[in-house]
$ cat work-v9.txt   # compact mmCIF, C-alpha atoms
# COMPACT_ATOMS: atom_id res chain seq x y z
CA MET K 1 28.90 20.91 -16.85
CA ASN K 2 29.97 24.39 -17.84
CA GLU K 3 26.46 25.37 -17.04
CA ALA K 4 27.53 26.31 -13.53
CA GLU K 5 27.58 30.06 -13.16
CA THR K 6 28.15 32.66 -10.48
CA LYS K 7 24.90 33.49 -8.70
CA PRO K 8 23.92 36.39 -6.47
CA ARG K 9 24.60 35.45 -2.85
CA GLY K 10 20.94 35.86 -1.80
CA ILE K 11 19.73 33.32 -4.36
CA VAL K 12 22.37 30.86 -3.23
CA TRP K 13 21.20 31.17 0.36
CA LEU K 14 17.58 30.61 -0.68
CA TYR K 15 18.50 27.36 -2.43
CA LEU K 16 20.57 26.27 0.55
CA ILE K 17 17.60 26.96 2.82
CA ALA K 18 15.44 24.92 0.44
CA ALA K 19 17.98 22.09 0.61
CA LEU K 20 17.94 22.13 4.41
CA LEU K 21 14.15 22.18 4.52
CA SER K 22 13.97 19.26 2.13
CA LEU K 23 16.23 17.30 4.51
CA ILE K 24 13.58 17.72 7.23
CA GLY K 25 10.96 16.44 4.80
CA LEU K 26 13.25 13.57 3.80
CA ALA K 27 13.80 12.45 7.41
CA ASP K 28 10.07 12.73 8.14
CA SER K 29 9.18 10.68 5.06
CA ILE K 30 11.77 8.02 5.83
CA TYR K 31 10.35 7.70 9.36
CA LEU K 32 6.81 7.33 8.01
CA THR K 33 7.94 4.82 5.39
CA VAL K 34 9.64 2.65 7.99
CA GLU K 35 6.61 2.89 10.29
CA HIS K 36 4.43 1.83 7.38
CA LEU K 37 6.68 -1.06 6.35
CA THR K 38 6.98 -2.40 9.89
CA GLY K 39 3.26 -2.14 10.48
CA GLN K 40 3.63 0.31 13.35
CA THR K 41 1.46 3.00 11.81
CA LEU K 42 -1.32 0.51 11.25
CA ARG K 43 -1.87 0.53 14.99
CA CYS K 44 -3.73 3.25 16.87
CA THR K 45 -1.74 5.19 19.46
CA ILE K 46 -2.61 7.86 21.97
CA ILE K 47 -0.35 10.46 20.40
CA SER K 48 -1.65 10.62 16.89
CA GLY K 49 -4.25 9.90 14.27
CA CYS K 50 -1.56 8.50 12.01
CA SER K 51 -3.02 5.03 12.12
CA GLU K 52 -6.28 6.29 10.63
CA VAL K 53 -4.45 8.25 7.96
CA LEU K 54 -1.78 5.71 7.13
CA SER K 55 -4.05 2.70 7.14
CA SER K 56 -6.46 4.46 4.79
CA PRO K 57 -6.65 3.50 1.10
CA TYR K 58 -4.96 6.83 0.27
CA SER K 59 -1.73 5.91 2.06
CA HIS K 60 -0.23 3.90 -0.76
CA VAL K 61 -0.06 3.70 -4.53
CA GLY K 62 -0.25 0.02 -5.37
CA ASN K 63 2.10 -1.59 -2.89
CA VAL K 64 4.28 1.50 -2.53
CA PRO K 65 3.70 3.66 0.58
CA LEU K 66 3.00 7.28 -0.31
CA ALA K 67 5.61 8.22 2.30
CA ALA K 68 8.28 6.44 0.21
CA LEU K 69 7.30 8.50 -2.83
CA GLY K 70 7.52 11.56 -0.56
CA ALA K 71 11.04 10.57 0.48
CA ILE K 72 12.07 10.28 -3.18
CA ALA K 73 10.50 13.67 -3.91
CA TYR K 74 12.27 15.39 -1.00
CA PHE K 75 15.58 13.80 -1.96
CA THR K 76 15.12 15.07 -5.52
CA VAL K 77 14.29 18.58 -4.25
CA PHE K 78 17.46 18.43 -2.14
CA ASP K 79 19.57 17.39 -5.14
CA LEU K 80 18.14 20.05 -7.41
CA SER K 81 18.43 22.76 -4.74
CA ILE K 82 22.09 21.93 -4.14
CA LEU K 83 22.77 21.97 -7.87
CA ALA K 84 20.90 25.27 -8.21
CA ALA K 85 22.84 26.73 -5.28
CA PHE K 86 26.06 25.82 -7.08
CA GLY K 87 24.85 27.65 -10.17
CA TYR K 88 23.47 24.89 -12.36
CA ARG K 89 20.73 26.76 -14.21
CA PHE K 90 18.88 23.66 -15.44
CA ALA K 91 18.00 22.74 -11.85
CA ARG K 92 15.98 25.89 -11.13
CA PRO K 93 12.89 25.25 -13.26
CA LEU K 94 12.96 21.60 -12.22
CA VAL K 95 12.82 22.56 -8.53
CA LEU K 96 9.87 24.83 -9.21
CA ALA K 97 8.03 22.21 -11.27
CA LEU K 98 8.58 19.49 -8.68
CA LEU K 99 7.55 21.75 -5.80
CA ALA K 100 4.40 22.79 -7.67
CA LEU K 101 3.50 19.12 -7.99
CA MET K 102 4.30 18.46 -4.32
CA PHE K 103 2.30 21.52 -3.25
CA LEU K 104 -0.80 20.32 -5.12
CA MET K 105 -0.34 16.86 -3.65
CA THR K 106 -0.05 18.39 -0.17
CA LEU K 107 -3.32 20.30 -0.63
CA TRP K 108 -5.02 17.07 -1.73
CA LEU K 109 -3.68 15.16 1.27
CA LEU K 110 -4.74 17.92 3.67
CA TYR K 111 -8.22 17.83 2.14
CA LEU K 112 -8.36 14.04 2.59
CA GLN K 113 -7.30 14.27 6.24
CA ALA K 114 -9.76 17.06 7.04
CA PHE K 115 -12.84 15.97 5.12
CA VAL K 116 -12.55 12.30 4.19
CA ILE K 117 -10.49 10.52 6.86
CA HIS K 118 -11.42 13.02 9.62
CA HIS K 119 -8.08 12.53 11.35
CA PHE K 120 -4.77 14.35 11.16
CA CYS K 121 -1.38 12.70 11.37
CA GLN K 122 1.20 15.03 12.88
CA TYR K 123 4.01 13.60 10.74
CA CYS K 124 1.92 14.23 7.62
CA LEU K 125 1.25 17.76 8.87
CA LEU K 126 4.99 18.29 9.34
CA SER K 127 5.53 17.18 5.76
CA ALA K 128 2.79 19.56 4.60
CA ALA K 129 4.42 22.44 6.51
CA VAL K 130 7.80 21.65 4.93
CA THR K 131 6.35 21.52 1.41
CA ILE K 132 4.41 24.77 1.86
CA THR K 133 7.51 26.50 3.24
CA LEU K 134 9.61 25.11 0.39
CA THR K 135 7.12 26.43 -2.12
CA ALA K 136 7.23 29.86 -0.46
CA VAL K 137 11.03 29.83 -0.56
CA ALA K 138 11.02 28.80 -4.21
CA LEU K 139 8.56 31.55 -5.09
CA ALA K 140 10.69 34.06 -3.18
CA GLY K 141 13.67 32.92 -5.22
CA ARG K 142 11.73 33.26 -8.43
CA SER K 143 10.53 36.80 -7.65
CA TRP K 144 14.07 37.67 -6.57
CA LYS K 145 15.30 36.48 -9.93
CA ILE K 146 12.73 38.61 -11.72
CA THR K 147 13.71 41.77 -9.83
CA ASP K 148 17.40 40.89 -9.94
CA MET P 1 36.92 20.19 -6.55
CA LYS P 2 34.27 22.91 -6.56
CA ARG P 3 32.45 21.25 -9.47
CA SER P 4 32.32 17.88 -7.73
CA LEU P 5 31.29 19.36 -4.34
CA PRO P 6 27.50 19.31 -5.03
CA LEU P 7 27.73 15.68 -6.12
CA LEU P 8 29.67 14.82 -2.96
CA ILE P 9 27.02 16.54 -0.82
CA ILE P 10 24.23 14.66 -2.62
CA ALA P 11 26.07 11.36 -2.22
CA ALA P 12 26.61 12.05 1.49
CA VAL P 13 22.92 12.76 2.02
CA LEU P 14 21.99 9.61 0.11
CA VAL P 15 24.25 7.56 2.37
CA ALA P 16 22.78 9.29 5.46
CA ALA P 17 19.24 8.58 4.25
CA VAL P 18 20.01 4.89 3.72
CA ALA P 19 21.68 4.75 7.15
CA LEU P 20 18.67 6.42 8.79
CA THR P 21 16.31 3.91 7.15
CA TRP P 22 18.46 1.01 8.35
CA ILE P 23 18.68 2.38 11.91
CA LEU P 24 14.91 2.94 12.09
CA LEU P 25 14.22 -0.55 10.73
CA ARG P 26 16.58 -2.07 13.30
CA SER P 27 15.24 -0.04 16.20
CA SER P 28 11.63 -1.01 15.50
CA ARG P 29 12.32 -4.60 16.59
CA PRO P 30 13.95 -4.62 20.03
CA ASP P 31 11.36 -2.19 21.42
CA GLN P 32 8.62 -4.68 20.72
CA SER P 33 10.48 -7.79 21.79
CA SER P 34 11.11 -6.17 25.16
CA THR P 35 7.41 -6.59 25.89
CA ASN P 36 7.63 -10.37 25.54
CA THR P 37 6.85 -11.20 29.13
CA SER P 38 4.79 -13.95 30.56
CA SER P 39 1.06 -13.38 30.76
CA SER P 40 1.22 -14.40 34.40
CA GLU P 41 3.40 -11.38 35.19
CA GLY P 42 1.99 -8.06 36.32
CA PRO P 43 -1.54 -7.11 37.31
CA ASN P 44 -4.35 -9.36 36.15
CA GLY P 45 -6.64 -6.80 34.59
CA ALA P 46 -10.42 -6.97 34.96
CA GLU P 47 -11.71 -10.21 36.44
CA PRO P 48 -13.23 -12.28 35.07
CA PRO P 49 -11.84 -11.42 31.63
CA HIS P 50 -14.00 -11.57 28.51
CA ILE P 51 -13.20 -14.94 26.94
CA ARG P 52 -14.33 -16.27 23.59
CA GLY P 53 -13.62 -19.83 22.52
CA ASN P 54 -12.63 -22.82 24.62
CA PRO P 55 -11.89 -21.51 28.17
CA LYS P 56 -9.44 -24.42 28.66
CA ALA P 57 -7.62 -23.95 25.35
CA THR P 58 -3.86 -24.42 25.38
CA VAL P 59 -3.28 -21.14 23.59
CA THR P 60 -4.54 -17.77 24.83
CA LEU P 61 -4.65 -14.79 22.52
CA GLU P 62 -5.03 -11.62 24.56
CA GLU P 63 -6.01 -8.45 22.71
CA PHE P 64 -5.88 -4.91 24.03
CA GLY P 65 -8.35 -3.06 21.87
CA ASP P 66 -10.17 0.20 21.30
CA PHE P 67 -13.61 0.07 19.71
CA GLU P 68 -13.01 3.27 17.76
CA CYS P 69 -9.66 2.12 16.34
CA PRO P 70 -10.10 1.24 12.63
CA THR P 71 -7.31 -1.33 12.74
CA CYS P 72 -9.00 -3.07 15.67
CA GLY P 73 -12.15 -3.17 13.55
CA THR P 74 -10.24 -4.85 10.75
CA TYR P 75 -8.69 -7.32 13.15
CA ALA P 76 -12.09 -8.11 14.71
CA VAL P 77 -12.99 -9.69 11.37
CA GLU P 78 -9.60 -11.39 11.02
CA LEU P 79 -9.79 -12.78 14.55
CA LYS P 80 -13.06 -14.53 13.80
CA LYS P 81 -11.39 -16.30 10.87
CA ILE P 82 -8.43 -17.22 13.07
CA GLU P 83 -10.74 -18.50 15.82
CA ALA P 84 -12.55 -20.68 13.27
CA GLU P 85 -9.24 -22.04 11.97
CA PHE P 86 -7.82 -22.98 15.37
CA GLY P 87 -11.09 -24.08 16.96
CA ASP P 88 -10.87 -25.47 20.49
CA ARG P 89 -7.12 -24.98 20.67
CA LEU P 90 -7.51 -21.21 21.01
CA ARG P 91 -9.24 -18.85 23.40
CA VAL P 92 -9.40 -15.10 22.88
CA ILE P 93 -9.43 -12.54 25.68
CA PHE P 94 -10.41 -8.95 25.00
CA ARG P 95 -9.15 -6.16 27.23
CA GLU P 96 -10.11 -2.51 27.12
CA TYR P 97 -7.56 0.08 26.03
CA PRO P 98 -9.61 3.09 24.89
CA LEU P 99 -7.43 5.79 23.36
CA TYR P 100 -9.46 8.59 24.86
CA PRO P 101 -9.80 11.55 24.35
CA THR P 102 -7.29 11.58 21.52
CA PRO P 103 -7.38 10.36 18.92
CA HIS P 104 -10.75 8.70 19.66
CA LYS P 105 -13.31 10.92 21.34
CA HIS P 106 -15.95 8.16 21.70
CA ALA P 107 -13.55 5.35 22.66
CA LEU P 108 -14.25 5.52 26.39
CA ILE P 109 -18.04 5.56 26.17
CA ALA P 110 -17.81 2.67 23.69
CA ALA P 111 -15.70 0.68 26.15
CA GLN P 112 -18.24 1.50 28.87
CA ALA P 113 -21.08 0.31 26.63
CA ALA P 114 -19.29 -3.00 25.96
CA GLU P 115 -18.53 -3.51 29.66
CA ALA P 116 -22.10 -2.63 30.64
CA ALA P 117 -23.31 -5.21 28.12
CA GLY P 118 -20.85 -7.64 29.70
CA LEU P 119 -22.62 -7.24 33.04
CA GLN P 120 -25.67 -8.72 31.30
CA ASP P 121 -23.52 -11.48 29.69
CA ARG P 122 -23.66 -9.84 26.27
CA PHE P 123 -20.13 -8.45 26.02
CA TRP P 124 -19.21 -10.19 22.75
CA GLU P 125 -22.53 -9.31 21.15
CA MET P 126 -21.92 -5.62 21.90
CA HIS P 127 -18.25 -6.01 20.89
CA ASP P 128 -19.37 -7.24 17.48
CA LYS P 129 -22.05 -4.54 17.13
CA LEU P 130 -19.56 -1.79 17.93
CA TYR P 131 -17.03 -3.00 15.39
CA GLU P 132 -19.59 -3.75 12.69
CA ASN P 133 -21.00 -0.22 13.01
CA GLN P 134 -17.77 1.54 13.89
CA LYS P 135 -17.75 3.97 11.00
CA ALA P 136 -21.31 5.14 11.71
CA TRP P 137 -20.98 5.87 15.44
CA SER P 138 -17.38 7.10 15.38
CA GLU P 139 -18.47 9.97 13.13
CA ALA P 140 -21.57 10.80 15.20
CA THR P 141 -21.77 13.70 17.64
CA ASP P 142 -23.95 11.91 20.17
CA VAL P 143 -23.35 8.17 20.24
CA MET P 144 -25.65 7.20 23.08
CA PRO P 145 -28.85 6.85 21.00
CA MET P 146 -26.93 4.49 18.70
CA PHE P 147 -25.51 2.46 21.57
CA ILE P 148 -28.95 2.17 23.17
CA ASP P 149 -30.24 0.93 19.83
CA TYR P 150 -27.47 -1.71 19.69
CA ALA P 151 -28.28 -2.66 23.31
CA ARG P 152 -31.91 -3.14 22.34
CA GLN P 153 -30.94 -5.25 19.31
CA ILE P 154 -28.88 -7.65 21.43
CA GLY P 155 -31.63 -7.96 24.02
CA LEU P 156 -30.28 -5.95 26.94
CA ASP P 157 -32.33 -4.50 29.76
CA ILE P 158 -32.04 -0.89 28.58
CA ASP P 159 -32.64 0.75 31.96
CA ARG P 160 -29.99 -1.40 33.58
CA PHE P 161 -27.61 -0.83 30.64
CA GLY P 162 -27.95 2.95 30.97
CA ARG P 163 -27.46 2.80 34.73
CA GLU P 164 -24.45 0.48 34.73
CA LEU P 165 -22.70 2.13 31.81
CA ASN P 166 -21.72 5.01 34.09
CA GLY P 167 -21.37 2.83 37.16
CA GLU P 168 -18.40 1.99 39.31
CA ILE P 169 -18.09 -1.66 38.22
CA VAL P 170 -17.63 -0.68 34.58
CA ALA P 171 -15.16 2.10 35.43
CA THR P 172 -13.14 -0.25 37.63
CA ARG P 173 -12.95 -2.94 34.93
CA ILE P 174 -11.68 -0.45 32.35
CA THR P 175 -9.13 0.92 34.83
CA GLN P 176 -7.91 -2.57 35.72
CA ASP P 177 -7.44 -3.47 32.06
CA GLY P 178 -5.57 -0.18 31.61
CA ILE P 179 -3.24 -0.98 34.50
CA ARG P 180 -2.49 -4.37 32.95
CA ALA P 181 -1.92 -2.74 29.55
CA HIS P 182 0.61 -0.30 31.00
CA ALA P 183 2.37 -3.10 32.86
CA ARG P 184 2.68 -5.03 29.58
CA GLY P 185 4.10 -2.00 27.74
CA VAL P 186 1.07 -1.52 25.54
CA THR P 187 1.22 1.80 23.71
CA GLY P 188 -1.32 1.32 20.96
CA THR P 189 -4.15 -0.79 19.65
CA PRO P 190 -4.63 -3.47 18.72
CA SER P 191 -1.89 -5.11 20.79
CA PHE P 192 -1.77 -8.88 20.78
CA PHE P 193 -0.13 -11.34 23.15
CA VAL P 194 -0.14 -15.06 22.50
CA ASN P 195 0.55 -17.03 25.66
CA GLY P 196 2.21 -13.88 26.94
CA LYS P 197 4.41 -13.27 23.91
CA ALA P 198 3.83 -9.99 22.07
CA LEU P 199 3.13 -9.89 18.36
CA ASP P 200 6.06 -7.70 17.32
CA ALA P 201 5.97 -4.87 14.83
CA ALA P 202 7.77 -6.76 12.09
CA SER P 203 5.21 -9.58 12.21
CA PHE P 204 2.16 -7.36 12.66
CA SER P 205 -0.34 -8.97 10.32
CA PRO P 206 -3.03 -11.66 10.53
CA ASP P 207 -0.53 -14.18 9.19
CA GLY P 208 2.02 -13.05 11.76
CA LEU P 209 -0.60 -13.70 14.42
CA ARG P 210 -1.26 -17.17 12.99
CA ALA P 211 2.47 -17.90 13.04
CA LEU P 212 2.71 -16.85 16.69
CA ILE P 213 -0.26 -19.07 17.60
CA ASN P 214 1.29 -22.01 15.74
CA GLN P 215 4.57 -21.38 17.52
CA SER P 216 2.76 -21.51 20.87
CA LEU P 217 0.95 -24.70 19.85
CA ARG P 218 4.26 -26.32 18.92
CA GLY P 219 5.74 -25.15 22.21
CA ASN P 220 2.88 -26.76 24.11
CA SER P 221 3.15 -30.03 22.23
CA THR P 222 6.86 -30.50 22.97
CA PRO P 223 7.60 -32.34 26.23
$ encode --input "work-v9.txt" --output "structure tokens"
Amino acid sequence: MNEAETKPRGIVWLYLIAALLSLIGLADSIYLTVEHLTGQTLRCTIISGCSEVLSSPYSHVGNVPLAALGAIAYFTVFDLSILAAFGYRFARPLVLALLALMFLMTLWLLYLQAFVIHHFCQYCLLSAAVTITLTAVALAGRSWKITD
Amino acid sequence: MKRSLPLLIIAAVLVAAVALTWILLRSSRPDQSSTNTSSSEGPNGAEPPHIRGNPKATVTLEEFGDFECPTCGTYAVELKKIEAEFGDRLRVIFREYPLYPTPHKHALIAAQAAEAAGLQDRFWEMHDKLYENQKAWSEATDVMPMFIDYARQIGLDIDRFGRELNGEIVATRITQDGIRAHARGVTGTPSFFVNGKALDAASFSPDGLRALINQSLRGNSTP
């Protein structure tokens, strides 16, 4: 655990921002998971197209809701960001790798909503916005590191 | 202390996440059970209602549906199985709850088409046509040619169908069903009530519906 090191203050703040953003994604994913498990999202409501999206074949992997996998991913991003903010070097490449995976997944899910399912779910869009922002923050941190 | 701080933060968030999940799971139940009111309460909805099955059945399953809702389409198939299983003991009532204009831009005109067919005693035939072909017309820009084709297939007077689809009787029926839906606390489709008792979120499945029907049958058989 001696890996912890002193980091420039700006980098620390970027990882803390990433941790906070991932909490938004975590709460959103937990909400969607519960809605899925209780059957609420299977119904159509006036406020969203979530029923179309979340009752589609793309909403789960086997019996596991995709939202639950999202919750795990956001929790992992939070953990790694906190560790990175406290100077644990091993966490930094892991955050980037995980966010790259989540970013690609987000693009795929946006494509499915726009061109296959033809409906958008606002909670899924919130998750997409969080992931895209997280990726931008991570890239900012990476370029900061390069110029540091 | 500083070295254990990140682990403490992570542990705290994990506990908060579990607590949030538990709270959301708990809160999803009372909201639904609060809609468990008697079917005799509140406004009646459109009269006469669209009934399938034995009109004098001891158990009434009332559905608030939207023809463009994919889940309603799935349940339309499931309901036919359930109707076959329970036979004369069950009657099904369909009420309009089109989620128009969002998320379903054709939901209202579809409801109008079904109600207009109902004025020629072909409501259930149009109901089935709309659900069977839901994917095709819900993605179309102009649905009317398709609906007229369905009307022709089920033997409607096309001129009358076109005239009544935009008429006052159809509009009033849809409005009356909507008033009943709001009185019952309906917020989405499909919403099911069995002898006035709502199918709650935790039981929302075809088997949950069967269990609720069986519960009502048992309730009716006890003195």
$ atom_distance --input "work-v9.txt" --atom1 "atom CA of K:Thr38" --atom2 "atom CA of P:Lys135"
25.6 Å
$ residues_around --input "work-v9.txt" --residues "stretch 89-97 of chain P" --least-positions-apart "2" --cutoff "8 Å" --atoms "all atoms listed in the file" --output "JSON list (two decimals) with C-alpha atoms, keeping the file's coordinate frame"
[["chain", "number", "residue", "atom", "x", "y", "z"],
["P", 45, "GLY", "CA", -6.64, -6.80, 34.59],
["P", 46, "ALA", "CA", -10.42, -6.97, 34.96],
["P", 49, "PRO", "CA", -11.84, -11.42, 31.63],
["P", 50, "HIS", "CA", -14.00, -11.57, 28.51],
["P", 51, "ILE", "CA", -13.20, -14.94, 26.94],
["P", 52, "ARG", "CA", -14.33, -16.27, 23.59],
["P", 53, "GLY", "CA", -13.62, -19.83, 22.52],
["P", 54, "ASN", "CA", -12.63, -22.82, 24.62],
["P", 55, "PRO", "CA", -11.89, -21.51, 28.17],
["P", 56, "LYS", "CA", -9.44, -24.42, 28.66],
["P", 57, "ALA", "CA", -7.62, -23.95, 25.35],
["P", 58, "THR", "CA", -3.86, -24.42, 25.38],
["P", 59, "VAL", "CA", -3.28, -21.14, 23.59],
["P", 60, "THR", "CA", -4.54, -17.77, 24.83],
["P", 61, "LEU", "CA", -4.65, -14.79, 22.52],
["P", 62, "GLU", "CA", -5.03, -11.62, 24.56],
["P", 63, "GLU", "CA", -6.01, -8.45, 22.71],
["P", 64, "PHE", "CA", -5.88, -4.91, 24.03],
["P", 65, "GLY", "CA", -8.35, -3.06, 21.87],
["P", 66, "ASP", "CA", -10.17, 0.20, 21.30],
["P", 83, "GLU", "CA", -10.74, -18.50, 15.82],
["P", 86, "PHE", "CA", -7.82, -22.98, 15.37],
["P", 87, "GLY", "CA", -11.09, -24.08, 16.96],
["P", 99, "LEU", "CA", -7.43, 5.79, 23.36],
["P", 111, "ALA", "CA", -15.70, 0.68, 26.15],
["P", 174, "ILE", "CA", -11.68, -0.45, 32.35],
["P", 177, "ASP", "CA", -7.44, -3.47, 32.06],
["P", 178, "GLY", "CA", -5.57, -0.18, 31.61],
["P", 181, "ALA", "CA", -1.92, -2.74, 29.55],
["P", 189, "THR", "CA", -4.15, -0.79, 19.65]]
$ closest_atom_pairs --input "work-v9.txt" --of "chain P" --to "chain K" --cutoff "9 Å" --atoms "only C-alpha atoms" --output "CSV"
residue,atom,partner,partner_atom,distance
P:Lys2,CA,K:Phe86,CA,8.7
P:Arg3,CA,K:Ala4,CA,8.1
P:Leu5,CA,K:Phe86,CA,8.8
P:Pro6,CA,K:Ile82,CA,6.1
P:Leu7,CA,K:Leu83,CA,8.2
P:Ile9,CA,K:Ile82,CA,8.0
P:Ile10,CA,K:Asp79,CA,6.0
P:Val13,CA,K:Phe75,CA,8.4
P:Leu14,CA,K:Phe75,CA,7.9
P:Ala17,CA,K:Ala27,CA,7.4
P:Leu20,CA,K:Ile30,CA,7.7
P:Thr21,CA,K:Ile30,CA,6.3
P:Trp22,CA,K:Val34,CA,9.0
P:Leu24,CA,K:Val34,CA,6.7
P:Leu25,CA,K:Val34,CA,6.2
P:Ser28,CA,K:Thr38,CA,7.4
P:Arg29,CA,K:Thr38,CA,8.8
P:Asp66,CA,K:Cys44,CA,8.4
P:Cys69,CA,K:Cys44,CA,6.1
P:Pro70,CA,K:Glu52,CA,6.6
P:Thr71,CA,K:Arg43,CA,6.2
P:Cys72,CA,K:Arg43,CA,8.0
P:Pro98,CA,K:Ile46,CA,9.0
P:Leu99,CA,K:Ile46,CA,5.4
P:Tyr100,CA,K:Ile46,CA,7.5
P:Pro101,CA,K:Ile46,CA,8.4
P:Thr102,CA,K:Ile46,CA,6.0
P:Pro103,CA,K:Gly49,CA,5.6
P:His104,CA,K:Ile46,CA,8.5
P:Glu139,CA,K:His118,CA,8.4
P:Thr187,CA,K:Thr45,CA,6.2
P:Gly188,CA,K:Thr45,CA,4.2
P:Thr189,CA,K:Cys44,CA,4.9
P:Pro190,CA,K:Arg43,CA,6.1
P:Ser191,CA,K:Arg43,CA,8.1
P:Ala201,CA,K:Thr38,CA,5.6
P:Ala202,CA,K:Thr38,CA,4.9
P:Ser203,CA,K:Thr38,CA,7.8
P:Phe204,CA,K:Gly39,CA,5.8
P:Ser205,CA,K:Gly39,CA,7.7
$ closest_residue --input "work-v9.txt" --among "K:Leu54, K:Ala19, K:Ala68, K:Leu14" --to "K:Ile117" --atoms "only C-alpha atoms"
K:Leu54
$ atom_distance --input "work-v9.txt" --atom1 "atom CA of K:Leu134" --atom2 "atom CA of K:Val61"
24.0 Å
$ atom_distance --input "work-v9.txt" --atom1 "atom CA of P:Ile82" --atom2 "atom CA of P:Ala198"
16.8 Å
$ closest_residue --input "work-v9.txt" --among "P:Ala84, P:Leu79, P:Ala171, P:Val143" --to "P:Phe192" --atoms "all atoms listed in the file"
P:Leu79
$ closest_residue --input "work-v9.txt" --among "P:Ala114, P:Gly196, P:Asp207, P:Gln215" --to "P:Asn166" --atoms "only C-alpha atoms"
P:Ala114
$ closest_residue --input "work-v9.txt" --among "P:Ala19, P:Lys105, P:Ala117, P:Glu47" --to "P:Asp142" --atoms "all atoms listed in the file"
P:Lys105
$ closest_residue --input "work-v9.txt" --among "K:Gly141, K:Pro93, K:Gly62, K:Gly25" --to "K:Ala128" --atoms "all atoms listed in the file"
K:Gly25
$ residues_around --input "work-v9.txt" --residues "K:Ala136" --least-positions-apart "6" --cutoff "12 Å" --atoms "all atoms listed in the file" --output "list in words"
Leu14, Tyr15, Ile17, Ala18, Leu21, Leu96, Leu99, Ala100, Phe103, Ala129, Val130, Arg142 and Ser143 of chain K
